[in-house]
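Below you'll find the structure, written out as structure tokens, and then a few comments.
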Amino acid sequence: MRPSLASARLALGALLGGWLVAAAPAQAHNAKVHRDMTDRAYEIMLALSAGAIDTSEDPALAQLAQDATTAIQKLRNLPARLPSPQQSVCVDPATVKMLGTNTPNWGAPSPFEDMTLGAVPFPISTAYITGVDCGIDPSWSPGAFFTTVNPPGPGSADHTGVVLGFWAHQPDDEVDDWHIYFRPTNMVGFSLMKEYMEDALALPAGAIWVTLRCALECAGSVLTLGIVGDCKDCIDEAIQDSKNAVHEGLTTVDGLFPGFGDHTNVDAYTGMGHHLNVVSSSGEFDDRSGLLVESAGPNGVPDPLEILTMLAADTLGMTVHHDPSLGPKRYEILGAQDFHPNSVDRDEDDWQFLSFPHTPFTPLDNLAHFGWQAFRANPQVGVRELGWPLHAIGDAIVPMHVAGTFGWGHRPYEDAFERRLSILLSTGDVEAAKREALAIAKRALVWRKLILDWRAQHPGQATDIPVRDLITQLATQTLARVQGPSMLVWPFNPLMSPSYVVPGPTREGTITFYETIPGSAATNKTLLEEGIAAEIAFLVSAGEVLP
Amino acid sequence: MNAKTIGTLGLILMFLAGCAGGGTRPSPPDRRPYPQWIDEDLREAARRFIDGRLTGQQYLALVRDRSGKVRRFLDDAAWRTEVAALKDRDGDRVPDSRDDCRTPLLQPTDERGCPMPPDCAPGTPGCAGPTPERDRKTRNLLDEATLLFDPGCDDSPVPQTPEPLEWGRGDQTPAHTTGFNLAVTKVTNQTPECELFYEMEFRLERQAPHVVRHLTILFKATEDLKPGDPRRAVFGLPLGQPLPPARTHLRDGLLLYLKVQWRVRAVNGAQKASPWSALRVQDDPASGGVDG
């Protein structure tokens, strides 16, 4: 049992920190969206390669089909880098039904991680690593039209796209990218608060719900006054409520403010490096800034959720903790050979002087570059890192990611997007999917040309990809597609995120709003197709790095 | 402050100073006086916004002013030298050697230390900044947003990601009831004393008239109808019993709606949350039933 004094340093550490990332889930497309985007890109490559998409009238498209064929062969031979599944026996009835057994035979070499992408026999689930089952998604299908090219079935289908899509989500699970530090003077108040609750709880009593106001009031007062007055009242009330109240949902603050816990070592804010603010014309440390909470959003004014985050972070003195954070080391880009402006190098003080809402985070295009460079340096072990640029492409089609905001409707927008994903992808409509595949392939030519033109201008880098240029252009297009007189209603809406974080009908209403608002479906579909097109161009070009 | 509090505070301060810490405690960031002043300003401004003495627009203006001054501090060696004298009588964070004005506390200034005129008056239509309505929303959130505290979870990791398995009708053996049961994969990586929750989101849809409902419900792990099953956790919605509103709506919805999507995540009492599972589509109750 940990001594109570030691628990002081756990204190509120986690209480208020990471509203930001929603964390992983809080601010990035949900895992399935990243996976299915990448998988669709790969399925279109397969369709091009198999001649299922008519390229006869467009030589450029025919060339793309030929290049896709080459890339597919090379990608399929890459080690998938998957660990063994969490369980060898499946418990999901749907999985067992699909497989005809509860003990799937992966036919994997030893070590498991050496299994190539083309040899992965099952469509892996988005929870392959974090879940508690055998890691197979029984609901996966390449979708209408594509089943003719890549018929689903254990051992027969090509799951390269599924695995690449799985890795495309991985940056959302990089918990060590950003750590947040609580200044010691600020932790004392929470330590006292926690101790008071421990004493009062008469363990074991389970969890208690503390309002944010209570936490902040206590943080501001107990150092001088002790647990008295409003602070004592609100804690006592919370303890009483924990015994009586019915809680039907959890406030979605876990991604933004962690609970009481060892914040520095456990909780992380992965999504803070997943923004590229193309609303502002320049950044302080990069040519375009990433997330800077104090000026987030489409007009540079944070929404109520973001202001709340500033209040908490300023009250508690929450700064980036430079030492254990990988983000500053990974995503400051120095000495790159991609002819894109480098980052201004920041030292520990630069990162830690101000609380994190006043600290500019590294931008999304830098994240893409990091992964691309790692893959390029050693493709045989780098397929996981290939997920970084793919992830960045997925995030760059989200309006909130390109306006540098985790508020303004960010999460309900992404939740609604996932719920509409099968419709946006025309999963059930063969003719529509075929028509759209052709249109997406044509759009991919534009991105492919960007890459080939860049290579022509820089002959020394004949197989490189200017991923920072690509991400920046895609993000700029995304913003242009949603800008207009009504953009502060959709997609940017200052009242949606604060309503979303509170469980109940108002949260549900925010998702419904984004699902049903007229006109949004067409724009979302365009954004999605542009992202898939960029991924096709990227994957085809990435294959050219491989021998 | 009572004796116990003083004693505890002393111990905590000793601990934080390194007297009682383990080898892994990180070093605190360098806190020179100037950034500390800024921290104090930002903290005080936050307090004033919370209790209504500052509007959101005033708060943001001060935030930007102070963060701009810290950047000046970092970038401008002359400014740093003058700040090192630690003379700033009016507390506007412009060193006295450059300060032409005496400014009230917590007001933005220009680089000569004189008050900045506001870009526009708070609440003016077209004025870029939080409106009074948004300020109210922010303050309401302080009461609506809750944080979890459970000392039993100090040693528990982030929970594994549970996944929806199936929903259907069945017995609820421990309670001797029947109803709808929701089966998910069981999270097994928490310590026994740590309270664990399964949060589920449902999207229910029907046609004619077209209606979509989103529902969130929360189960404690202790409500698991199959506590002895190592792989599945099952949670019940008994028929014919009064239930809390969200559970009632879900039970009714499973009877009436034709399309059902759901997902689940696990959150422990220290507010460590798993990622959400992917959405599972299951339109009809499991044909074989789901017993709990």
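Each chain in the structure tokens gets a letter, A, B, ..., in the order shown, and its residues are numbered from 1; ligands are numbered from 1 in order too.
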
Using only C-alpha atoms, find which residues of chain B lie within 6 Å of chain A and jot them down as a compact mmCIF listing (two decimals) with N, CA, C and O atoms, in the first residue's frame.
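The file below, result-v4.txt, is the result:
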```txt
# COMPACT_ATOMS: atom_id res chain seq x y z
N MET B 1 -5.68 27.56 10.06
CA MET B 1 -5.12 26.27 9.64
C MET B 1 -4.87 25.42 10.89
O MET B 1 -4.22 25.87 11.83
N LEU B 42 -1.68 35.23 -14.14
CA LEU B 42 -2.62 34.37 -14.86
C LEU B 42 -3.54 33.64 -13.89
O LEU B 42 -4.73 33.47 -14.16
N ARG B 43 -2.97 33.23 -12.77
CA ARG B 43 -3.80 32.53 -11.79
C ARG B 43 -4.85 33.48 -11.21
O ARG B 43 -6.02 33.12 -11.05
N ALA B 46 -7.54 34.12 -13.72
CA ALA B 46 -8.47 32.98 -13.80
C ALA B 46 -9.48 33.05 -12.66
O ALA B 46 -10.68 32.87 -12.86
N GLY B 129 -14.52 37.95 -29.81
CA GLY B 129 -14.21 37.60 -28.43
C GLY B 129 -15.40 36.89 -27.83
O GLY B 129 -16.49 36.91 -28.41
N THR B 138 -19.18 29.03 -20.01
CA THR B 138 -17.91 28.60 -19.40
C THR B 138 -18.08 28.42 -17.90
O THR B 138 -17.63 27.41 -17.32
N LEU B 142 -18.11 24.85 -15.09
CA LEU B 142 -17.37 24.60 -13.85
C LEU B 142 -18.18 23.74 -12.89
O LEU B 142 -17.64 22.98 -12.09
N ASP B 143 -19.51 23.88 -12.98
CA ASP B 143 -20.37 23.08 -12.11
C ASP B 143 -20.81 21.78 -12.77
O ASP B 143 -21.13 20.81 -12.10
N ALA B 145 -19.04 20.00 -15.19
CA ALA B 145 -17.96 19.05 -15.44
C ALA B 145 -17.46 18.49 -14.11
O ALA B 145 -17.24 19.24 -13.15
N THR B 146 -17.32 17.19 -14.07
CA THR B 146 -16.88 16.56 -12.83
C THR B 146 -15.63 15.74 -13.07
O THR B 146 -15.37 15.27 -14.17
N LEU B 147 -14.90 15.59 -12.01
CA LEU B 147 -13.65 14.84 -12.06
C LEU B 147 -13.74 13.73 -11.02
O LEU B 147 -14.36 13.89 -9.98
N LEU B 148 -13.13 12.62 -11.33
CA LEU B 148 -13.25 11.46 -10.45
C LEU B 148 -12.07 11.36 -9.48
O LEU B 148 -10.94 11.66 -9.84
N PHE B 149 -12.40 10.93 -8.30
CA PHE B 149 -11.37 10.74 -7.28
C PHE B 149 -11.59 9.39 -6.62
O PHE B 149 -12.67 9.10 -6.12
N ASP B 150 -10.57 8.56 -6.62
CA ASP B 150 -10.65 7.27 -5.94
C ASP B 150 -9.23 6.85 -5.58
O ASP B 150 -8.46 6.42 -6.44
N GLN B 160 -7.84 -1.54 -20.01
CA GLN B 160 -7.89 -2.10 -21.36
C GLN B 160 -9.16 -1.61 -22.06
O GLN B 160 -10.11 -1.17 -21.40
N THR B 161 -9.17 -1.74 -23.38
CA THR B 161 -10.35 -1.31 -24.14
C THR B 161 -11.37 -2.44 -24.18
O THR B 161 -11.09 -3.49 -24.78
N PRO B 162 -12.52 -2.26 -23.55
CA PRO B 162 -13.55 -3.30 -23.71
C PRO B 162 -14.19 -3.18 -25.08
O PRO B 162 -14.10 -2.13 -25.72
N LEU B 165 -19.91 -6.94 -27.37
CA LEU B 165 -20.03 -8.29 -27.91
C LEU B 165 -21.42 -8.52 -28.52
O LEU B 165 -21.56 -8.80 -29.69
N GLU B 195 -12.29 1.32 -8.26
CA GLU B 195 -13.62 1.24 -8.87
C GLU B 195 -13.51 1.45 -10.37
O GLU B 195 -12.82 2.35 -10.85
N HIS B 214 -29.31 9.40 -29.37
CA HIS B 214 -28.02 9.02 -28.79
C HIS B 214 -28.22 8.89 -27.28
O HIS B 214 -28.80 9.78 -26.66
N THR B 216 -26.25 7.72 -23.53
CA THR B 216 -25.05 7.31 -22.79
C THR B 216 -25.48 6.71 -21.47
O THR B 216 -26.31 7.30 -20.76
N ILE B 217 -24.95 5.56 -21.16
CA ILE B 217 -25.23 4.98 -19.85
C ILE B 217 -23.93 4.50 -19.22
O ILE B 217 -22.96 4.22 -19.91
N LEU B 218 -23.99 4.43 -17.92
CA LEU B 218 -22.79 4.11 -17.16
C LEU B 218 -23.10 2.95 -16.21
O LEU B 218 -24.07 3.01 -15.45
N GLY B 269 -11.72 4.96 -11.35
CA GLY B 269 -12.04 6.03 -10.41
C GLY B 269 -11.01 7.13 -10.34
O GLY B 269 -11.24 8.16 -9.72
N ALA B 270 -9.87 6.92 -10.96
CA ALA B 270 -8.88 7.99 -11.05
C ALA B 270 -8.97 8.67 -12.41
O ALA B 270 -8.07 9.39 -12.81
N GLN B 271 -10.05 8.39 -13.10
CA GLN B 271 -10.34 9.04 -14.38
C GLN B 271 -9.37 8.65 -15.48
O GLN B 271 -9.17 9.38 -16.43
```

List the spatial neighbours of Ala168 in chain A as a list in words - criterion: any atom at most 9 Å away, only C-alpha atoms, same-chain residues fewer than 3 positions off excluded.
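Using only C-alpha atoms, the neighbours found are Ala31, His34, Arg35, Thr38, Val163, Leu164, Gly165, Pro171, Asp172, Arg384, Glu385, Leu386, Gly387, Trp388, Pro389, Leu390, His391, Ala392 and Gly394 of chain A.
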
I need the residues from that last selection saved to file as a PDB file, in the first residue's frame (with C-alpha atoms), if you can.
```pdb
ATOM      1  CA  ALA A  31      -9.684   4.901 -34.751  1.00  0.00           C
ATOM      2  CA  HIS A  34      -8.345   6.463 -39.677  1.00  0.00           C
ATOM      3  CA  ARG A  35      -8.351   2.758 -40.389  1.00  0.00           C
ATOM      4  CA  THR A  38      -6.420   4.103 -45.268  1.00  0.00           C
ATOM      5  CA  VAL A 163      -3.114  -3.133 -40.992  1.00  0.00           C
ATOM      6  CA  LEU A 164      -1.782   0.083 -42.497  1.00  0.00           C
ATOM      7  CA  GLY A 165      -5.004   1.729 -41.307  1.00  0.00           C
ATOM      8  CA  PRO A 171      -0.129   8.294 -33.114  1.00  0.00           C
ATOM      9  CA  ASP A 172      -3.251   8.753 -31.004  1.00  0.00           C
ATOM     10  CA  ARG A 384       4.379   1.353 -37.930  1.00  0.00           C
ATOM     11  CA  GLU A 385       5.956   4.751 -38.514  1.00  0.00           C
ATOM     12  CA  LEU A 386       4.309   4.880 -41.913  1.00  0.00           C
ATOM     13  CA  GLY A 387       1.197   5.414 -39.816  1.00  0.00           C
ATOM     14  CA  TRP A 388       2.318   8.923 -38.839  1.00  0.00           C
ATOM     15  CA  PRO A 389       1.928  10.589 -42.231  1.00  0.00           C
ATOM     16  CA  LEU A 390      -1.240   8.589 -42.868  1.00  0.00           C
ATOM     17  CA  HIS A 391      -2.582   9.789 -39.552  1.00  0.00           C
ATOM     18  CA  ALA A 392      -1.681  13.350 -40.397  1.00  0.00           C
ATOM     19  CA  GLY A 394      -6.620  11.878 -41.748  1.00  0.00           C
TER      20      GLY A 394
END
```

Would you mind writing down, as a PyMOL selection string, each residue of range 96-310 of chain A that DSSP on the backbone assigns to helix (DSSP H, G or I)?
chain A and resi 96-99+112-114+117-119+146-148+160-173+184-201+212-225+229-244+263-266+270-273+293-295+304-310

Could you name the residues that touch range 528-538 of chain A at 6 Å or less, counting only C-alpha atoms, but leaving out those on the same chain fewer than 5 positions away, as a VMD selection string?
chain A and resid 37 41 440 443 to 444 447 to 448

Excluding same-chain residues fewer than 6 positions from range 146-153 of chain A, what lies within 12 Å of it counting only C-alpha atoms, as a VMD selection string?
chain A and resid 39 to 53 95 98 to 100 120 to 123 137 to 140 159 to 162 425 to 437

Selection: 7 Å around Asn277 in chain A, only C-alpha atoms, excl. self and same-chain fewer than 3 positions, as a list in words:
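The neighbour list is Ser280, Arg288, Ser289, Gly290, Leu291, Val402, Ala403 and Gly404 of chain A.
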
Among the residues B:Pro227, B:Pro174, B:Gly168, B:Gly91, the one that comes closest to Leu254 in chain B [using only C-alpha atoms]
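Going through B:Pro227, B:Pro174, B:Gly168, B:Gly91 one by one, the smallest distance to Leu254 in chain B is for B:Gly168.
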
Find the spatial neighbours of Leu250 in chain B, counting only C-alpha atoms, within a cut-off of 12 Å - ignore same-chain residues fewer than 6 positions away - and output them as a short mmCIF file (atom, residue, chain, number, x, y, z; two decimals) with all heavy atoms, in the first residue's frame.
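Saved file result_3.cif follows:
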```
data_model
loop_
_atom_site.label_atom_id
_atom_site.label_comp_id
_atom_site.auth_asym_id
_atom_site.auth_seq_id
_atom_site.Cartn_x
_atom_site.Cartn_y
_atom_site.Cartn_z
N GLU A 248 -25.14 8.78 -14.76
CA GLU A 248 -25.51 8.03 -15.96
C GLU A 248 -24.46 8.14 -17.05
O GLU A 248 -24.60 7.56 -18.11
CB GLU A 248 -26.86 8.50 -16.45
CG GLU A 248 -27.95 8.24 -15.41
CD GLU A 248 -29.34 8.37 -15.97
OE1 GLU A 248 -29.58 9.37 -16.66
OE2 GLU A 248 -30.16 7.49 -15.71
N TRP B 167 -25.96 -7.72 -27.65
CA TRP B 167 -27.05 -7.39 -26.74
C TRP B 167 -28.25 -8.26 -27.09
O TRP B 167 -28.41 -8.69 -28.24
CB TRP B 167 -27.41 -5.91 -26.78
CG TRP B 167 -27.94 -5.41 -28.11
CD1 TRP B 167 -27.23 -4.93 -29.15
CD2 TRP B 167 -29.32 -5.36 -28.51
NE1 TRP B 167 -28.06 -4.59 -30.19
CE2 TRP B 167 -29.35 -4.83 -29.82
CE3 TRP B 167 -30.52 -5.70 -27.89
CZ2 TRP B 167 -30.54 -4.64 -30.53
CZ3 TRP B 167 -31.71 -5.51 -28.58
CH2 TRP B 167 -31.71 -4.99 -29.90
N GLY B 179 -34.75 -9.31 -18.91
CA GLY B 179 -34.74 -8.02 -19.62
C GLY B 179 -33.69 -8.04 -20.70
O GLY B 179 -33.28 -9.10 -21.19
N PHE B 180 -33.24 -6.86 -21.07
CA PHE B 180 -32.16 -6.76 -22.05
C PHE B 180 -30.82 -6.84 -21.32
O PHE B 180 -30.63 -6.20 -20.28
CB PHE B 180 -32.24 -5.44 -22.81
CG PHE B 180 -33.33 -5.40 -23.83
CD1 PHE B 180 -34.42 -4.56 -23.68
CD2 PHE B 180 -33.30 -6.23 -24.94
CE1 PHE B 180 -35.44 -4.52 -24.61
CE2 PHE B 180 -34.32 -6.21 -25.89
CZ PHE B 180 -35.39 -5.35 -25.71
N ASN B 181 -29.90 -7.60 -21.90
CA ASN B 181 -28.55 -7.69 -21.36
C ASN B 181 -27.54 -7.23 -22.39
O ASN B 181 -27.71 -7.47 -23.59
CB ASN B 181 -28.24 -9.13 -20.93
CG ASN B 181 -29.06 -9.56 -19.72
OD1 ASN B 181 -29.40 -8.71 -18.88
ND2 ASN B 181 -29.40 -10.83 -19.64
N LEU B 182 -26.52 -6.58 -21.91
CA LEU B 182 -25.48 -6.02 -22.78
C LEU B 182 -24.16 -6.69 -22.40
O LEU B 182 -23.70 -6.56 -21.27
CB LEU B 182 -25.36 -4.50 -22.55
CG LEU B 182 -26.68 -3.72 -22.53
CD1 LEU B 182 -26.48 -2.32 -21.94
CD2 LEU B 182 -27.25 -3.63 -23.93
N MET B 200 -21.15 3.31 -21.91
CA MET B 200 -21.62 2.85 -23.22
C MET B 200 -22.39 3.96 -23.92
O MET B 200 -23.16 4.68 -23.28
CB MET B 200 -22.54 1.64 -23.07
CG MET B 200 -21.89 0.45 -22.38
SD MET B 200 -23.04 -0.92 -22.22
CE MET B 200 -22.12 -1.96 -21.06
N GLU B 201 -22.14 4.08 -25.18
CA GLU B 201 -22.89 5.04 -26.00
C GLU B 201 -23.68 4.27 -27.03
O GLU B 201 -23.14 3.39 -27.72
CB GLU B 201 -21.94 5.99 -26.72
CG GLU B 201 -21.43 7.11 -25.86
CD GLU B 201 -20.67 8.14 -26.67
OE1 GLU B 201 -20.51 7.96 -27.90
OE2 GLU B 201 -20.21 9.12 -26.07
N PHE B 202 -24.93 4.62 -27.15
CA PHE B 202 -25.81 3.97 -28.14
C PHE B 202 -26.33 5.00 -29.13
O PHE B 202 -26.64 6.14 -28.76
CB PHE B 202 -27.02 3.32 -27.44
CG PHE B 202 -26.67 2.02 -26.78
CD1 PHE B 202 -26.08 2.01 -25.53
CD2 PHE B 202 -26.94 0.81 -27.39
CE1 PHE B 202 -25.74 0.82 -24.90
CE2 PHE B 202 -26.62 -0.39 -26.77
CZ PHE B 202 -26.01 -0.38 -25.54
N ARG B 203 -26.41 4.57 -30.36
CA ARG B 203 -27.09 5.36 -31.38
C ARG B 203 -28.24 4.49 -31.89
O ARG B 203 -28.04 3.40 -32.42
CB ARG B 203 -26.16 5.70 -32.54
CG ARG B 203 -26.81 6.53 -33.63
CD ARG B 203 -25.85 6.69 -34.80
NE ARG B 203 -26.37 7.59 -35.82
CZ ARG B 203 -27.23 7.23 -36.77
NH1 ARG B 203 -27.71 5.99 -36.82
NH2 ARG B 203 -27.63 8.10 -37.68
N LEU B 204 -29.45 4.99 -31.69
CA LEU B 204 -30.65 4.24 -32.08
C LEU B 204 -31.33 4.99 -33.20
O LEU B 204 -31.47 6.22 -33.14
CB LEU B 204 -31.60 4.10 -30.89
CG LEU B 204 -30.99 3.54 -29.60
CD1 LEU B 204 -31.97 3.67 -28.45
CD2 LEU B 204 -30.60 2.09 -29.79
N GLU B 205 -31.77 4.27 -34.21
CA GLU B 205 -32.36 4.95 -35.36
C GLU B 205 -33.59 4.18 -35.82
O GLU B 205 -33.63 2.95 -35.78
CB GLU B 205 -31.34 4.99 -36.51
CG GLU B 205 -31.83 5.71 -37.75
CD GLU B 205 -30.75 5.77 -38.84
OE1 GLU B 205 -29.63 5.26 -38.61
OE2 GLU B 205 -31.03 6.32 -39.92
N ARG B 213 -31.60 8.70 -31.93
CA ARG B 213 -31.35 9.03 -30.52
C ARG B 213 -29.96 8.58 -30.13
O ARG B 213 -29.51 7.49 -30.51
CB ARG B 213 -32.36 8.32 -29.61
CG ARG B 213 -33.74 8.91 -29.66
CD ARG B 213 -34.42 8.76 -28.31
NE ARG B 213 -33.77 9.55 -27.27
CZ ARG B 213 -34.21 9.61 -26.02
NH1 ARG B 213 -35.26 8.91 -25.66
NH2 ARG B 213 -33.59 10.35 -25.13
N HIS B 214 -29.31 9.40 -29.37
CA HIS B 214 -28.02 9.02 -28.79
C HIS B 214 -28.22 8.89 -27.28
O HIS B 214 -28.80 9.78 -26.66
CB HIS B 214 -26.95 10.08 -29.08
CG HIS B 214 -26.63 10.22 -30.53
ND1 HIS B 214 -25.77 9.38 -31.18
CD2 HIS B 214 -27.06 11.10 -31.46
CE1 HIS B 214 -25.66 9.73 -32.44
NE2 HIS B 214 -26.45 10.77 -32.65
N LEU B 215 -27.73 7.83 -26.72
CA LEU B 215 -27.87 7.63 -25.28
C LEU B 215 -26.54 7.20 -24.68
O LEU B 215 -25.79 6.43 -25.30
CB LEU B 215 -28.90 6.54 -24.99
CG LEU B 215 -30.36 6.89 -25.30
CD1 LEU B 215 -31.22 5.65 -25.24
CD2 LEU B 215 -30.87 7.92 -24.30
N THR B 216 -26.25 7.72 -23.53
CA THR B 216 -25.05 7.31 -22.79
C THR B 216 -25.48 6.71 -21.47
O THR B 216 -26.31 7.30 -20.76
CB THR B 216 -24.16 8.53 -22.51
OG1 THR B 216 -23.84 9.17 -23.73
CG2 THR B 216 -22.87 8.12 -21.81
N ILE B 217 -24.95 5.56 -21.16
CA ILE B 217 -25.23 4.98 -19.85
C ILE B 217 -23.93 4.50 -19.22
O ILE B 217 -22.96 4.22 -19.91
CB ILE B 217 -26.25 3.82 -19.90
CG1 ILE B 217 -25.76 2.72 -20.83
CG2 ILE B 217 -27.61 4.30 -20.32
CD1 ILE B 217 -26.63 1.48 -20.74
N LEU B 218 -23.99 4.43 -17.92
CA LEU B 218 -22.79 4.11 -17.16
C LEU B 218 -23.10 2.95 -16.21
O LEU B 218 -24.07 3.01 -15.45
CB LEU B 218 -22.37 5.34 -16.35
CG LEU B 218 -21.06 5.28 -15.61
CD1 LEU B 218 -19.89 5.29 -16.58
CD2 LEU B 218 -20.94 6.49 -14.67
N GLY B 236 -27.34 -5.54 -17.11
CA GLY B 236 -28.75 -5.76 -17.38
C GLY B 236 -29.60 -4.51 -17.34
O GLY B 236 -29.34 -3.56 -16.61
N LEU B 237 -30.66 -4.56 -18.14
CA LEU B 237 -31.71 -3.55 -18.11
C LEU B 237 -33.01 -4.31 -17.87
O LEU B 237 -33.68 -4.74 -18.82
CB LEU B 237 -31.78 -2.80 -19.45
CG LEU B 237 -30.54 -2.04 -19.88
CD1 LEU B 237 -30.66 -1.60 -21.34
CD2 LEU B 237 -30.33 -0.81 -19.00
N PRO B 238 -33.39 -4.54 -16.62
CA PRO B 238 -34.54 -5.39 -16.36
C PRO B 238 -35.85 -4.78 -16.87
O PRO B 238 -36.04 -3.57 -16.80
CB PRO B 238 -34.53 -5.53 -14.84
CG PRO B 238 -33.63 -4.47 -14.33
CD PRO B 238 -32.70 -4.10 -15.43
N LEU B 239 -36.71 -5.64 -17.34
CA LEU B 239 -38.04 -5.21 -17.77
C LEU B 239 -38.94 -5.10 -16.55
O LEU B 239 -38.79 -5.84 -15.57
CB LEU B 239 -38.62 -6.20 -18.76
CG LEU B 239 -37.89 -6.32 -20.11
CD1 LEU B 239 -38.39 -7.54 -20.88
CD2 LEU B 239 -38.06 -5.05 -20.93
N LEU B 243 -36.15 2.25 -13.53
CA LEU B 243 -34.72 2.44 -13.76
C LEU B 243 -34.42 3.93 -13.85
O LEU B 243 -35.33 4.73 -14.11
CB LEU B 243 -34.30 1.76 -15.07
CG LEU B 243 -34.40 0.23 -15.15
CD1 LEU B 243 -34.14 -0.24 -16.59
CD2 LEU B 243 -33.41 -0.41 -14.21
N PRO B 244 -33.17 4.33 -13.69
CA PRO B 244 -32.81 5.73 -13.92
C PRO B 244 -33.15 6.13 -15.36
O PRO B 244 -33.26 5.26 -16.24
CB PRO B 244 -31.30 5.76 -13.68
CG PRO B 244 -31.03 4.58 -12.83
CD PRO B 244 -32.02 3.53 -13.23
N LEU B 256 -37.99 -0.46 -29.55
CA LEU B 256 -38.66 0.30 -30.60
C LEU B 256 -37.81 0.58 -31.83
O LEU B 256 -38.35 0.75 -32.92
CB LEU B 256 -39.15 1.65 -30.04
CG LEU B 256 -40.20 1.57 -28.94
CD1 LEU B 256 -40.45 2.95 -28.36
CD2 LEU B 256 -41.50 1.00 -29.51
N TYR B 257 -36.51 0.67 -31.65
CA TYR B 257 -35.68 1.17 -32.75
C TYR B 257 -35.14 0.01 -33.58
O TYR B 257 -34.95 -1.10 -33.09
CB TYR B 257 -34.55 2.04 -32.22
CG TYR B 257 -35.01 3.41 -31.80
CD1 TYR B 257 -35.73 3.60 -30.63
CD2 TYR B 257 -34.75 4.53 -32.59
CE1 TYR B 257 -36.17 4.86 -30.26
CE2 TYR B 257 -35.18 5.79 -32.23
CZ TYR B 257 -35.89 5.95 -31.05
OH TYR B 257 -36.32 7.19 -30.69
N VAL B 260 -29.23 -0.23 -34.41
CA VAL B 260 -28.53 0.00 -33.14
C VAL B 260 -27.02 -0.03 -33.39
O VAL B 260 -26.50 -1.00 -33.93
CB VAL B 260 -28.91 -1.07 -32.09
CG1 VAL B 260 -28.14 -0.83 -30.80
CG2 VAL B 260 -30.41 -1.06 -31.83
N TRP B 262 -23.44 0.71 -31.12
CA TRP B 262 -22.98 1.03 -29.77
C TRP B 262 -21.48 0.85 -29.65
O TRP B 262 -20.84 0.16 -30.45
CB TRP B 262 -23.73 0.24 -28.70
CG TRP B 262 -23.68 -1.26 -28.77
CD1 TRP B 262 -23.96 -2.05 -29.85
CD2 TRP B 262 -23.38 -2.16 -27.70
NE1 TRP B 262 -23.85 -3.37 -29.51
CE2 TRP B 262 -23.50 -3.48 -28.21
CE3 TRP B 262 -23.03 -1.98 -26.36
CZ2 TRP B 262 -23.27 -4.60 -27.40
CZ3 TRP B 262 -22.81 -3.10 -25.56
CH2 TRP B 262 -22.93 -4.39 -26.08
#
```

Give me, as JSON, numbers by chain, the residues of range 79-289 of chain B that a backbone DSSP run labels strand (DSSP E or B).
{"B": [109, 115, 146, 147, 148, 149, 161, 164, 165, 166, 167, 168, 169, 170, 171, 172, 177, 178, 179, 180, 181, 182, 183, 184, 185, 196, 197, 198, 199, 200, 201, 202, 203, 204, 205, 206, 211, 212, 213, 214, 215, 216, 217, 218, 219, 220, 232, 233, 234, 235, 236, 237, 238, 259, 260, 261, 262, 263, 264, 265, 266, 267, 268, 273, 280, 281]}

Grab the CA of Gly113 in chain B to CA of Asp51 in chain B distance for me, in Å with one decimal place.
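Calculated distance between CA of Gly113 in chain B and CA of Asp51 in chain B is 26.9 Å.
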